[in-house]
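Note: the block below is query-v8.cif and it holds mmCIF, C-alpha atoms.
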data_query
loop_
_atom_site.label_atom_id
_atom_site.label_comp_id
_atom_site.auth_asym_id
_atom_site.auth_seq_id
_atom_site.Cartn_x
_atom_site.Cartn_y
_atom_site.Cartn_z
CA MET E 186 92.02 265.48 162.74
CA ALA E 187 93.67 262.25 161.75
CA GLU E 188 93.75 263.34 158.12
CA ARG E 189 95.59 266.55 158.93
CA GLY E 190 98.06 264.64 161.10
CA VAL E 191 98.83 262.40 158.21
CA SER E 192 99.38 265.22 155.74
CA ARG E 193 101.96 266.88 157.98
CA ARG E 194 104.17 263.82 158.37
CA PRO E 195 107.67 263.90 156.91
CA GLU E 196 107.89 262.24 153.55
CA HIS E 197 109.35 258.95 154.72
CA LEU E 198 106.53 258.35 157.19
CA VAL E 199 104.04 257.00 154.69
CA PRO E 200 101.40 255.67 157.04
CA VAL E 201 98.73 253.18 156.08
CA PRO E 202 99.38 250.33 153.63
CA ASP E 203 98.01 251.13 150.24
CA PRO E 204 95.33 248.63 149.29
CA ALA E 205 96.41 248.81 145.66
CA ALA E 206 99.95 247.81 146.61
CA PRO E 207 99.83 244.01 146.24
CA THR E 208 99.52 243.85 142.46
CA ASP E 209 102.21 246.47 142.18
CA ALA E 210 104.49 244.54 144.49
CA ASP E 211 104.00 241.44 142.33
CA ALA E 212 105.17 243.23 139.19
CA LEU E 213 108.04 244.89 141.05
CA LEU E 214 109.27 241.65 142.58
CA ARG E 215 109.25 239.97 139.17
CA ALA E 216 111.33 242.84 137.80
CA VAL E 217 113.68 242.52 140.78
CA GLY E 218 114.07 238.84 139.88
CA ARG E 219 115.42 240.01 136.53
CA GLY E 220 118.03 242.17 138.26
CA ASP E 221 116.24 245.53 138.16
CA GLU E 222 117.69 247.62 141.01
CA GLN E 223 115.28 250.52 140.53
CA ALA E 224 112.37 248.15 140.87
CA PHE E 225 113.98 246.93 144.08
CA ALA E 226 114.13 250.47 145.46
CA ARG E 227 110.41 250.90 144.77
CA LEU E 228 109.63 247.49 146.21
CA TYR E 229 111.60 248.49 149.29
CA ASP E 230 109.37 251.50 149.80
CA LEU E 231 106.30 249.31 149.54
CA VAL E 232 107.32 246.48 151.82
CA ALA E 233 109.97 247.81 154.22
CA PRO E 234 107.53 249.18 156.84
CA ARG E 235 105.73 245.86 156.96
CA VAL E 236 108.98 243.90 157.13
CA PHE E 237 110.56 246.13 159.76
CA GLY E 238 107.35 246.41 161.76
CA LEU E 239 106.79 242.68 161.89
CA ILE E 240 110.37 241.88 162.83
CA ARG E 241 110.31 244.59 165.46
CA ARG E 242 107.09 243.20 166.87
CA VAL E 243 108.56 239.73 167.13
CA LEU E 244 111.99 240.75 168.47
CA ARG E 245 110.83 243.71 170.56
CA ASP E 246 114.21 245.36 170.03
CA PRO E 247 114.46 248.08 167.37
CA ALA E 248 118.24 247.78 166.95
CA GLN E 249 118.12 244.05 166.37
CA ALA E 250 115.04 244.47 164.21
CA GLU E 251 116.94 246.84 161.96
CA GLU E 252 119.76 244.35 161.58
CA VAL E 253 117.43 241.46 160.77
CA ALA E 254 115.31 243.61 158.44
CA GLN E 255 118.45 244.47 156.52
CA GLU E 256 119.31 240.78 156.14
CA VAL E 257 115.79 240.00 155.01
CA LEU E 258 115.58 242.77 152.43
CA VAL E 259 118.93 241.85 150.92
CA GLU E 260 117.73 238.24 150.88
CA VAL E 261 114.66 239.39 148.94
CA TRP E 262 116.95 240.90 146.33
CA ARG E 263 119.18 237.85 146.25
CA THR E 264 116.44 235.26 145.84
CA ALA E 265 113.77 237.26 143.97
CA ALA E 266 114.00 235.00 140.92
CA ARG E 267 112.55 232.21 143.04
CA PHE E 268 109.31 234.07 143.61
CA ASP E 269 106.49 232.17 141.96
CA PRO E 270 103.38 234.35 141.47
CA ASP E 271 101.25 231.22 141.13
CA ARG E 272 101.94 230.33 144.73
CA GLY E 273 100.97 233.60 146.40
CA SER E 274 101.45 237.35 146.42
CA ALA E 275 104.80 239.12 146.47
CA THR E 276 103.95 240.77 149.77
CA SER E 277 103.23 237.43 151.38
CA TRP E 278 106.45 235.99 149.93
CA VAL E 279 108.49 238.81 151.45
CA VAL E 280 106.65 238.77 154.77
CA THR E 281 107.10 235.00 155.02
CA ILE E 282 110.88 235.40 154.73
CA ALA E 283 110.83 238.20 157.30
CA HIS E 284 108.76 236.25 159.81
CA ARG E 285 110.90 233.17 159.48
CA ARG E 286 114.09 235.14 160.08
CA ALA E 287 112.65 236.96 163.05
CA VAL E 288 111.51 233.71 164.59
CA ASP E 289 114.90 232.10 163.98
CA ARG E 290 116.52 234.99 165.81
CA VAL E 291 114.14 234.74 168.73
CA ARG E 292 114.66 230.99 169.00
CA SER E 293 118.44 231.19 168.91
CA GLU E 294 118.29 233.67 171.74
CA GLN E 295 115.82 231.53 173.61
CA ALA E 296 118.18 228.60 173.26
CA ALA E 297 120.83 230.66 175.01
CA THR E 298 118.53 231.44 177.90
CA GLU E 299 116.50 228.25 177.96
CA ARG E 300 117.24 227.51 181.59
CA THR E 301 115.85 230.88 182.66
CA VAL E 302 112.77 230.15 180.62
CA ARG E 303 112.26 226.78 182.25
CA ALA E 304 112.57 228.39 185.68
CA GLY E 305 109.14 229.88 185.20
CA ALA E 306 106.88 230.29 182.24
CA ALA E 307 105.56 233.46 183.86
CA ALA E 308 108.94 235.13 183.37
CA LEU E 309 109.02 234.05 179.73
CA ASP E 310 107.00 236.90 178.41
CA THR E 311 104.33 239.44 178.96
CA PRO E 312 101.01 237.83 179.81
CA TYR E 313 99.13 236.86 176.71
CA ASP E 314 96.12 239.06 177.35
CA ALA E 315 98.32 242.17 177.52
CA VAL E 316 99.86 241.14 174.25
CA ALA E 317 96.48 240.55 172.70
CA ASP E 318 95.42 244.03 173.84
CA GLU E 319 98.49 245.60 172.33
CA VAL E 320 97.94 243.74 169.10
CA THR E 321 94.30 244.67 168.77
CA GLY E 322 95.09 248.29 169.67
CA ARG E 323 97.55 248.55 166.84
CA LEU E 324 95.28 246.79 164.42
CA GLU E 325 92.52 249.34 164.66
CA ARG E 326 90.96 250.39 161.40
CA GLN E 327 92.31 247.30 159.77
CA GLN E 328 90.50 244.43 158.23
CA VAL E 329 92.87 242.01 159.87
CA ARG E 330 91.79 243.25 163.26
CA ARG E 331 88.17 242.68 162.46
CA CYS E 332 88.98 239.22 161.23
CA LEU E 333 91.09 238.38 164.29
CA ASP E 334 88.14 239.50 166.39
CA GLY E 335 86.08 236.93 164.56
CA LEU E 336 88.21 234.08 165.93
CA THR E 337 87.43 232.30 169.17
CA ASP E 338 89.52 233.50 172.13
CA LEU E 339 91.71 230.43 172.04
CA GLN E 340 92.20 230.59 168.27
CA ARG E 341 93.21 234.23 168.53
CA GLN E 342 95.58 233.59 171.42
CA VAL E 343 97.43 230.68 169.79
CA VAL E 344 97.70 232.45 166.44
CA THR E 345 98.93 235.78 167.82
CA LEU E 346 101.32 234.24 170.37
CA ALA E 347 102.96 232.26 167.60
CA TYR E 348 102.92 234.93 164.93
CA TYR E 349 103.65 238.13 166.81
CA GLN E 350 105.91 236.66 169.48
CA GLY E 351 107.57 233.82 167.66
CA HIS E 352 106.59 231.14 170.17
CA SER E 353 106.65 227.52 169.04
CA TYR E 354 103.45 225.56 169.49
CA PRO E 355 104.82 223.68 172.53
CA GLN E 356 105.67 227.05 174.11
CA VAL E 357 102.19 228.33 173.33
CA ALA E 358 100.72 225.20 174.91
CA GLU E 359 102.76 225.80 178.03
CA LEU E 360 101.84 229.49 178.23
CA LEU E 361 98.15 228.77 177.86
CA LYS E 362 98.22 225.52 179.85
CA ALA E 363 96.49 223.88 176.92
CA PRO E 364 97.12 220.42 175.42
CA LEU E 365 99.55 220.32 172.49
CA GLY E 366 97.02 218.72 170.16
CA THR E 367 94.47 221.43 170.90
CA VAL E 368 97.01 224.17 170.22
CA LYS E 369 97.97 222.64 166.85
CA THR E 370 94.33 222.26 165.86
CA ARG E 371 93.38 225.79 166.95
CA MET E 372 96.32 227.24 165.01
CA ARG E 373 95.08 225.56 161.88
CA ASP E 374 91.38 226.26 162.21
CA GLY E 375 92.14 229.81 163.42
CA LEU E 376 94.11 230.46 160.24
CA ILE E 377 91.38 228.89 158.14
CA ARG E 378 88.84 231.23 159.67
CA LEU E 379 91.17 234.17 159.17
CA ARG E 380 91.65 233.17 155.55
CA ASP E 381 87.91 232.95 154.96
CA CYS E 382 87.30 236.31 156.61
CA LEU E 383 90.05 238.02 154.60
CA GLY E 384 88.85 236.38 151.41
CA VAL E 385 92.33 235.18 150.59
CA GLU E 386 92.54 233.05 147.48
CA VAL E 387 95.48 231.41 145.86
CA THR E 388 95.17 229.22 142.84
CA VAL E 389 97.93 226.67 142.77
CA MET C 250 101.57 209.84 160.14
CA THR C 251 100.06 211.88 157.35
CA ALA C 252 97.33 212.85 159.80
CA ASP C 253 100.05 214.13 162.13
CA ILE C 254 101.62 216.16 159.37
CA HIS C 255 98.26 217.68 158.41
CA SER C 256 97.61 218.69 161.98
CA LEU C 257 100.92 220.60 161.88
CA VAL C 258 99.94 222.76 158.92
CA GLY C 259 98.77 225.72 161.03
CA ALA C 260 101.83 225.67 163.27
CA TYR C 261 104.01 225.29 160.16
CA VAL C 262 102.53 228.36 158.52
CA LEU C 263 103.02 230.34 161.74
CA ASP C 264 106.69 229.20 161.95
CA ALA C 265 105.81 227.56 165.26
CA VAL C 266 107.35 224.16 164.46
CA ASP C 267 110.92 222.98 165.01
CA ASP C 268 113.39 222.28 162.21
CA LEU C 269 112.67 218.58 161.97
CA GLU C 270 108.93 219.09 161.84
CA ARG C 271 109.38 221.73 159.19
CA ALA C 272 111.47 219.37 157.11
CA ALA C 273 108.79 216.68 157.44
CA VAL C 274 106.04 219.06 156.32
CA ASP C 275 108.18 220.38 153.44
CA ARG C 276 108.74 216.86 152.33
CA HIS C 277 105.05 216.07 152.47
CA LEU C 278 104.13 219.23 150.56
CA ARG C 279 106.25 218.14 147.64
CA GLU C 280 103.96 215.17 147.18
CA CYS C 281 100.59 216.67 148.08
CA GLU C 282 99.14 219.28 145.78
CA ALA C 283 96.03 219.91 147.88
CA CYS C 284 98.26 220.53 150.90
CA ARG C 285 100.38 223.00 148.94
CA ALA C 286 97.23 224.90 148.05
CA GLU C 287 96.11 224.98 151.67
CA VAL C 288 99.52 226.14 152.89
CA ALA C 289 99.67 228.86 150.22
CA GLU C 290 96.30 230.25 151.30
CA LEU C 291 96.99 230.06 155.02
CA ARG C 292 100.37 231.65 154.47
CA GLU C 293 98.71 234.48 152.59
CA ALA C 294 96.29 234.96 155.49
CA ALA C 295 99.08 234.82 158.08
CA ALA C 296 101.16 237.34 156.14
CA ARG C 297 98.27 239.76 156.32
CA MET C 298 98.83 239.85 160.08
CA ALA C 299 101.97 241.84 159.31
CA ASP C 300 99.63 244.69 158.32
CA GLY C 301 98.97 245.08 162.01
CA ALA C 302 102.64 245.55 162.82
CA TRP C 303 103.32 248.30 160.25
CA SER C 304 106.23 250.43 161.47
CA VAL C 305 108.40 252.74 159.37
CA PRO C 306 112.10 251.85 159.62
CA PRO C 307 114.82 254.49 160.14
CA PRO C 308 115.70 256.09 156.78
CA ARG C 309 119.31 254.88 157.06
CA LEU C 310 118.07 251.31 156.60
CA ARG C 311 117.10 252.15 153.03
CA ASP C 312 120.59 253.44 152.25
CA THR C 313 122.27 250.43 153.85
CA VAL C 314 120.05 247.96 152.02
CA LEU C 315 120.35 249.62 148.62
CA ALA C 316 124.14 249.82 149.03
CA ALA C 317 124.29 246.12 149.95
CA VAL C 318 122.08 245.22 147.01
CA ALA C 319 124.37 247.02 144.58
CA THR C 320 127.16 244.61 145.49
CA THR C 321 125.15 241.43 146.06
CA ARG C 322 124.82 238.80 143.38
CA GLN C 323 121.42 237.31 142.78
CA VAL C 324 120.84 233.59 142.75
CA PRO C 325 119.41 232.12 139.54
CA VAL C 326 115.94 230.60 139.40
CA GLU C 327 115.77 227.60 141.67
CA THR C 328 116.55 224.39 139.85
CA PRO C 329 113.97 221.62 140.22
CA VAL C 330 114.40 219.48 143.32
CA ARG C 331 117.62 217.55 142.89
CA PRO C 332 117.31 213.79 142.77
CA ALA C 333 118.83 212.28 145.88
CA PRO C 334 122.55 211.99 145.31
CA ALA C 335 124.26 208.71 146.23
CA MET C 336 123.73 208.95 149.91
CA THR C 337 126.98 209.28 151.82
CA PRO C 338 127.56 213.04 151.75
CA GLY C 339 131.06 213.73 152.91
CA ARG C 340 131.15 211.15 155.65
CA PRO C 341 131.29 207.63 154.23
CA ARG C 342 132.11 206.13 157.60
CA TRP C 343 130.02 203.02 157.13
CA VAL C 344 131.31 202.18 153.69
CA SER C 345 135.02 202.18 154.38
CA ARG C 346 135.24 198.52 153.49
CA SER C 347 133.76 199.04 150.06
CA ARG C 348 136.23 201.83 149.44
CA TRP C 349 139.02 199.35 150.05
CA ALA C 350 137.32 196.99 147.64
CA VAL C 351 137.29 199.65 144.96
CA ALA C 352 140.96 200.37 145.58
CA ALA C 353 141.75 196.67 145.35
CA ALA C 354 139.83 196.37 142.08
CA ALA C 355 141.78 199.28 140.62
CA VAL C 356 145.01 197.65 141.63
CA VAL C 357 143.92 194.43 139.93
CA ALA C 358 143.10 196.24 136.71
CA VAL C 359 146.47 197.95 136.53
CA ALA C 360 148.75 195.28 137.90
CA GLY C 361 148.22 192.59 135.26
CA ALA C 362 150.66 189.74 135.88
CA GLY C 363 151.44 190.46 139.51
CA VAL C 364 147.78 190.36 140.46
CA ALA C 365 147.79 187.60 143.03
CA VAL C 366 150.56 189.11 145.09
CA VAL C 367 149.22 192.64 144.96
CA VAL C 368 145.70 191.59 145.88
CA GLN C 369 147.05 189.52 148.72
CA GLU C 370 149.01 192.48 150.05
CA GLN C 371 146.00 194.68 149.61
CA ARG C 372 143.89 192.27 151.60
CA VAL C 373 146.32 192.31 154.49
CA ARG C 374 146.42 196.08 154.39
CA ASP C 375 142.65 196.13 154.13
CA GLN C 376 142.25 194.16 157.34
CA ARG C 377 144.93 196.10 159.10
CA GLY C 378 143.39 199.37 157.90
CA ALA C 379 139.94 198.35 159.08
CA ALA C 380 141.33 197.35 162.46
CA VAL C 381 143.18 200.66 162.82
CA ALA C 382 140.10 202.61 161.73
CA ALA C 383 137.92 200.72 164.22
CA GLN C 384 140.45 201.39 166.98
CA ALA C 385 140.54 205.09 166.10
CA GLU C 386 136.73 205.23 166.14
CA GLN C 387 136.68 203.54 169.56
CA ASN C 388 139.18 206.07 170.87
CA ARG C 389 137.13 208.98 169.57
CA ILE C 390 133.98 207.60 171.12
CA ARG C 391 135.74 207.08 174.43
CA GLY C 392 137.15 210.62 174.22
CA ILE C 393 133.69 212.12 173.76
CA LEU C 394 132.05 210.03 176.47
CA ALA C 395 134.85 210.98 178.88
CA ALA C 396 134.68 214.72 178.09
CA PRO C 397 134.08 216.80 181.24
CA ASP C 398 131.13 218.60 179.63
CA VAL C 399 129.44 215.57 178.07
CA VAL C 400 125.65 215.84 177.84
CA LEU C 401 123.42 212.79 177.46
CA ARG C 402 120.03 212.98 175.80
CA ASP C 403 117.81 210.15 174.78
CA GLN C 404 114.53 209.69 173.04
CA ALA C 405 112.29 206.70 172.37
CA LEU C 406 111.86 205.64 168.76
CA ALA C 407 108.28 205.76 167.53
CA ASP C 408 108.10 202.00 166.98
CA GLY C 409 110.13 200.88 169.97
CA GLY C 410 113.77 201.26 170.85
CA LYS C 411 115.87 204.25 171.73
CA VAL C 412 118.33 206.74 170.34
CA THR C 413 120.87 208.28 172.69
CA VAL C 414 123.09 211.22 171.88
CA ALA C 415 126.16 211.98 174.00
CA TYR C 416 127.82 215.19 172.97
CA SER C 417 130.54 217.53 174.07
CA ARG C 418 131.01 221.15 173.13
CA LEU C 419 134.68 220.90 174.10
CA ARG C 420 135.25 218.09 171.60
CA ASP C 421 132.73 219.62 169.18
CA SER C 422 131.48 216.12 168.47
CA GLY C 423 128.91 213.65 169.61
CA VAL C 424 128.18 209.93 169.69
CA VAL C 425 124.85 208.74 168.37
CA MET C 426 123.79 205.35 169.67
CA MET C 427 120.65 203.84 168.27
CA ALA C 428 118.98 200.51 168.97
CA ALA C 429 115.57 199.82 167.48
CA ASP C 430 113.34 196.96 168.56
CA ALA C 431 112.71 196.03 164.95
CA ALA C 432 113.91 196.96 161.47
CA PRO C 433 111.50 199.06 159.38
CA THR C 434 109.17 197.03 157.19
CA GLY C 435 108.81 197.04 153.42
CA GLY C 436 112.53 197.16 152.64
CA ARG C 437 112.88 200.56 154.27
CA VAL C 438 115.90 201.53 156.37
CA PHE C 439 116.86 203.86 159.21
CA GLN C 440 118.72 207.06 158.43
CA LEU C 441 120.42 209.43 160.89
CA TRP C 442 120.31 213.21 160.58
CA THR C 443 121.59 216.35 162.15
CA VAL C 444 119.88 219.68 161.65
CA ARG C 445 122.34 222.41 160.77
CA SER C 446 121.20 225.99 160.20
CA GLY C 447 117.70 224.64 159.84
CA THR C 448 118.62 222.10 157.18
CA PRO C 449 118.66 218.35 157.76
CA VAL C 450 122.05 216.83 156.91
CA SER C 451 122.38 213.07 156.48
CA GLU C 452 124.70 211.42 158.99
CA GLY C 453 124.46 208.07 157.32
CA VAL C 454 122.06 205.37 156.20
CA LEU C 455 121.74 201.98 157.87
CA ALA C 456 121.62 198.81 155.80
CA ALA C 457 118.32 197.01 155.24
CA GLY C 458 117.54 194.97 158.34
CA GLN C 459 120.10 196.84 160.48
CA THR C 460 118.57 197.89 163.80
CA SER C 461 121.48 199.37 165.72
CA VAL C 462 124.44 201.63 165.18
CA VAL C 463 127.00 203.66 167.08
CA THR C 464 128.57 206.52 165.19
CA VAL C 465 130.44 209.75 165.74
CA VAL C 466 129.03 213.07 164.55
CA GLU C 467 131.56 215.83 164.03
CA GLY C 468 130.86 219.54 164.40
CA ILE C 469 127.97 218.96 166.80
CA SER C 470 128.07 222.59 168.00
CA ALA C 471 126.58 223.61 164.67
CA ALA C 472 123.74 221.09 164.96
CA SER C 473 120.48 221.93 166.71
CA ALA C 474 119.13 218.39 166.71
CA VAL C 475 119.86 214.77 165.89
CA GLY C 476 117.10 212.76 164.29
CA VAL C 477 116.27 209.28 163.12
CA SER C 478 114.00 208.69 160.17
CA VAL C 479 112.69 205.77 158.15
CA GLU C 480 113.54 205.98 154.46
CA PRO C 481 113.40 203.93 151.29
CA ALA C 482 116.46 201.66 150.86
CA GLY C 483 119.58 203.71 150.22
CA GLY C 484 118.31 206.74 152.12
CA SER C 485 116.87 210.09 151.07
CA SER C 486 118.11 213.64 150.65
CA ALA C 487 115.57 214.91 153.20
CA PRO C 488 113.82 213.03 155.99
CA THR C 489 110.55 211.31 155.02
CA LEU C 490 109.24 209.96 158.30
CA MET C 491 110.90 211.05 161.53
CA VAL C 492 110.78 208.43 164.27
CA ALA C 493 112.82 210.31 166.87
CA ALA C 494 114.46 213.68 167.37
CA VAL C 495 116.89 214.75 170.07
CA LYS C 496 117.59 218.42 170.62
CA THR C 497 121.24 219.27 171.06
CA ILE C 498 120.97 222.94 172.02
#
Could you spell out this file's structure in structure tokens?
Amino acid sequence: MAERGVSRRPEHLVPVPDPAAPTDADALLRAVGRGDEQAFARLYDLVAPRVFGLIRRVLRDPAQAEEVAQEVLVEVWRTAARFDPDRGSATSWVVTIAHRRAVDRVRSEQAATERTVRAGAAALDTPYDAVADEVTGRLERQQVRRCLDGLTDLQRQVVTLAYYQGHSYPQVAELLKAPLGTVKTRMRDGLIRLRDCLGVEVTV
Amino acid sequence: MTADIHSLVGAYVLDAVDDLERAAVDRHLRECEACRAEVAELREAAARMADGAWSVPPPRLRDTVLAAVATTRQVPVETPVRPAPAMTPGRPRWVSRSRWAVAAAAVVAVAGAGVAVVVQEQRVRDQRGAAVAAQAEQNRIRGILAAPDVVLRDQALADGGKVTVAYSRLRDSGVVMMAADAAPTGGRVFQLWTVRSGTPVSEGVLAAGQTSVVTVVEGISAASAVGVSVEPAGGSSAPTLMVAAVKTI
């Protein structure tokens, strides 16, 4: 059933990330760094759904997400020459820029409404367990989901609240009523466990 | 302190730190190869979480982006980290006396025979100029402190003492008042910072042994925080060791 659904999608709705993509993206991004616009168009097709999806997840507003995604993708073009393949994959380089921008946007809006936020942490956001549910639902069939499941509850909560919702670690501590030091530590050891599960390796 | 920075690595990779903390970690990473390797791997792992957020953008985004790219210049490969430039970027408020000294020296070199007179005149002007400048600074400080929308924030320094920031959106400026219990050891000095668009900008370096300062920061609306750090003599281009940070948003 799922297979047939996929085959009938319009052309631009390429669904699941292609596992062979990363190496391709590396070569494309290097070509983009040399000013190759066609390579950029192909790189766009590879990374745009991830970039847009992540920003949309963090901002929870498709219109704003589109605006920020546009900034990010143009930024990728502008700064591609700075990509250093020895320090990580092209996909991760692009996603890192996207996440940072999305978080900056969220924070600048939070700054504008900080008083409302202080009025009650409950009003700040959806409860974390609902978020976690949504996240895991979307992550089905994905290795990342399996690996997130392998974290302790607290590790998973601090990592996903920060990454998917753009909360700072003090905000996460407040939401979870957990000590700051614990939140920092769980973020780090949660990521370490995620790294080990995903088998991520970077040789610097 | 290094232990503190290491404990921030996870939050740093998740973009869950504030601008000053990020600057501190960045700084540390430049000197710590093992840490760079850890950050690179954790970042790779974190980026994989974007797989779970996969969502196809509207097709018009592609057109907009490709059109923008066609008219956007690329930046060249990043040059190696610049050595710290002589540290009074744009705002040499604390060195106004030495500027007068330079001017006086130039006058001496050119004037030849009439040296004594010229230098004497210069000295009078120097003192008068310094007095006028000090008066103007006092007036600006008073103007900010008296602004109807003035906000006061303070923060203890890590090793004792306090930094207070009084700022006004209306005046678009702030007064930073710092008094430390003791000067940093080992010939190091205090340096003041603002964070603007996520980047720390030096607001001046204190002299060795100097433990207090009052200074005006212009354009405070564009700054998200004011910080105090401890630096090698002469200051640094990015904060090494933050000892206090005051949010101004």
Exercise. Report the residues retrieved by the PyMOL selection byres ((chain E) within 6 of (chain C)) from the displayed file, expressed as number ranges by chain.
Key: E: 234-235, 237-239, 255, 263-264, 266-267, 277, 280, 324, 347-348, 353-354, 372-373, 376, 380, 387, 389
Practice problem: Find, counting all atoms listed in the file, the residue in C:Ala472, C:Ala432, C:Val424, C:Ile390 that gets nearest to C:Leu455. | Solution: C:Ala432
Quiz prompt | the PyMOL selection byres ((chain E and resi 284-289) around 9) resolved against shown file, as JSON, numbers by chain | solution = {"E": [236, 239, 240, 241, 243, 244, 250, 253, 254, 256, 257, 279, 280, 281, 282, 283, 290, 291, 292, 293, 294, 348, 349, 350, 351, 352], "C": [263, 264, 265, 296, 299, 447]}
Which residues, written as a PDB file with C-alpha atoms, in the frame of the given file, have at least one atom at most 10 Å from C:Pro397, with all atoms listed in the file counted and residues fewer than 3 positions away on the same chain left out?
ATOM      1  CA  GLY C 392     137.150 210.620 174.220  1.00  0.00           C
ATOM      2  CA  ILE C 393     133.690 212.120 173.760  1.00  0.00           C
ATOM      3  CA  LEU C 394     132.050 210.030 176.470  1.00  0.00           C
ATOM      4  CA  VAL C 400     125.650 215.840 177.840  1.00  0.00           C
ATOM      5  CA  SER C 417     130.540 217.530 174.070  1.00  0.00           C
ATOM      6  CA  ARG C 418     131.010 221.150 173.130  1.00  0.00           C
ATOM      7  CA  LEU C 419     134.680 220.900 174.100  1.00  0.00           C
ATOM      8  CA  ARG C 420     135.250 218.090 171.600  1.00  0.00           C
TER       9      ARG C 420
END
Practice problem: Provide the atom CA of C:Ser422 to atom CA of C:Leu401 distance in Å, to one decimal place. | Solution: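 Atom CA of C:Leu401 lies 12.5 Å from atom CA of C:Ser422.
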Could you list, as a PDB file with C-alpha atoms, keeping the file's coordinate frame, every residue within 10 Å of E:Pro364, counting only C-alpha atoms and ignoring same-chain residues fewer than 6 positions away?
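In the end it all went to selection_3.pdb:
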ATOM      1  CA  PRO E 355     104.820 223.680 172.530  1.00  0.00           C
ATOM      2  CA  VAL E 357     102.190 228.330 173.330  1.00  0.00           C
ATOM      3  CA  ALA E 358     100.720 225.200 174.910  1.00  0.00           C
TER       4      ALA E 358
END
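Atom CA of C:Gly423 sits 8.1 Å away from atom CA of C:Gly468.
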Exercise. Find the distance between atom CA of C:Thr489 and atom CA of C:Gly453 and write it in Å to one decimal.
Key: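 Atom CA of C:Gly453 lies 14.5 Å from atom CA of C:Thr489.
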Practice problem: Check the smallest atom-to-atom distance from each of C:Thr434, C:Val274, C:Asn388, C:Ala482 to C:Val454 using only C-alpha atoms, then report the winner. | Solution: C:Ala482
Self-check item: Counting all atoms listed in the file, the residue of C:Thr320, C:Thr448, C:Gln384, C:Ser461 that sits nearest C:Glu270
Solution: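 Nearest to C:Glu270: C:Thr448.
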Adding 8 Å on each side of the box along x, y and z that holds all listed atoms of stretch 430-449 of chain C, could you give its centre and edge lengths in Å to one decimal, as AutoDock Vina command-line options?
--center_x 115.6 --center_y 211.0 --center_z 160.6 --size_x 29.5 --size_y 46.0 --size_z 31.9
Quiz prompt | C:Phe439 surroundings by all atoms listed in the file, 10 Å radius, close-in-sequence under 6 positions cut, as a list in words | solution =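 Returned residues: Met427, Ala429, Ala432, Pro433, Gly453, Val454, Leu455, Ala456, Ala457, Gly458, Gln459, Thr460, Ser461, Val462, Val477, Ser478, Val479, Glu480, Pro481, Ala482, Gly483, Gly484, Leu490, Met491 and Val492 of chain C.
Closest approach to C:Pro449 among C:Cys281, C:Ala385, C:Ala494, C:Val425 is made by C:Ala494 (distances from only C-alpha atoms).
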Exercise. Could you tell me which of E:Val385, E:Leu228, E:Leu379, E:Ala275 comes closest to E:Arg330 if we count all atoms listed in the file?
Key: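 Smallest distance to E:Arg330 is found for E:Leu379.
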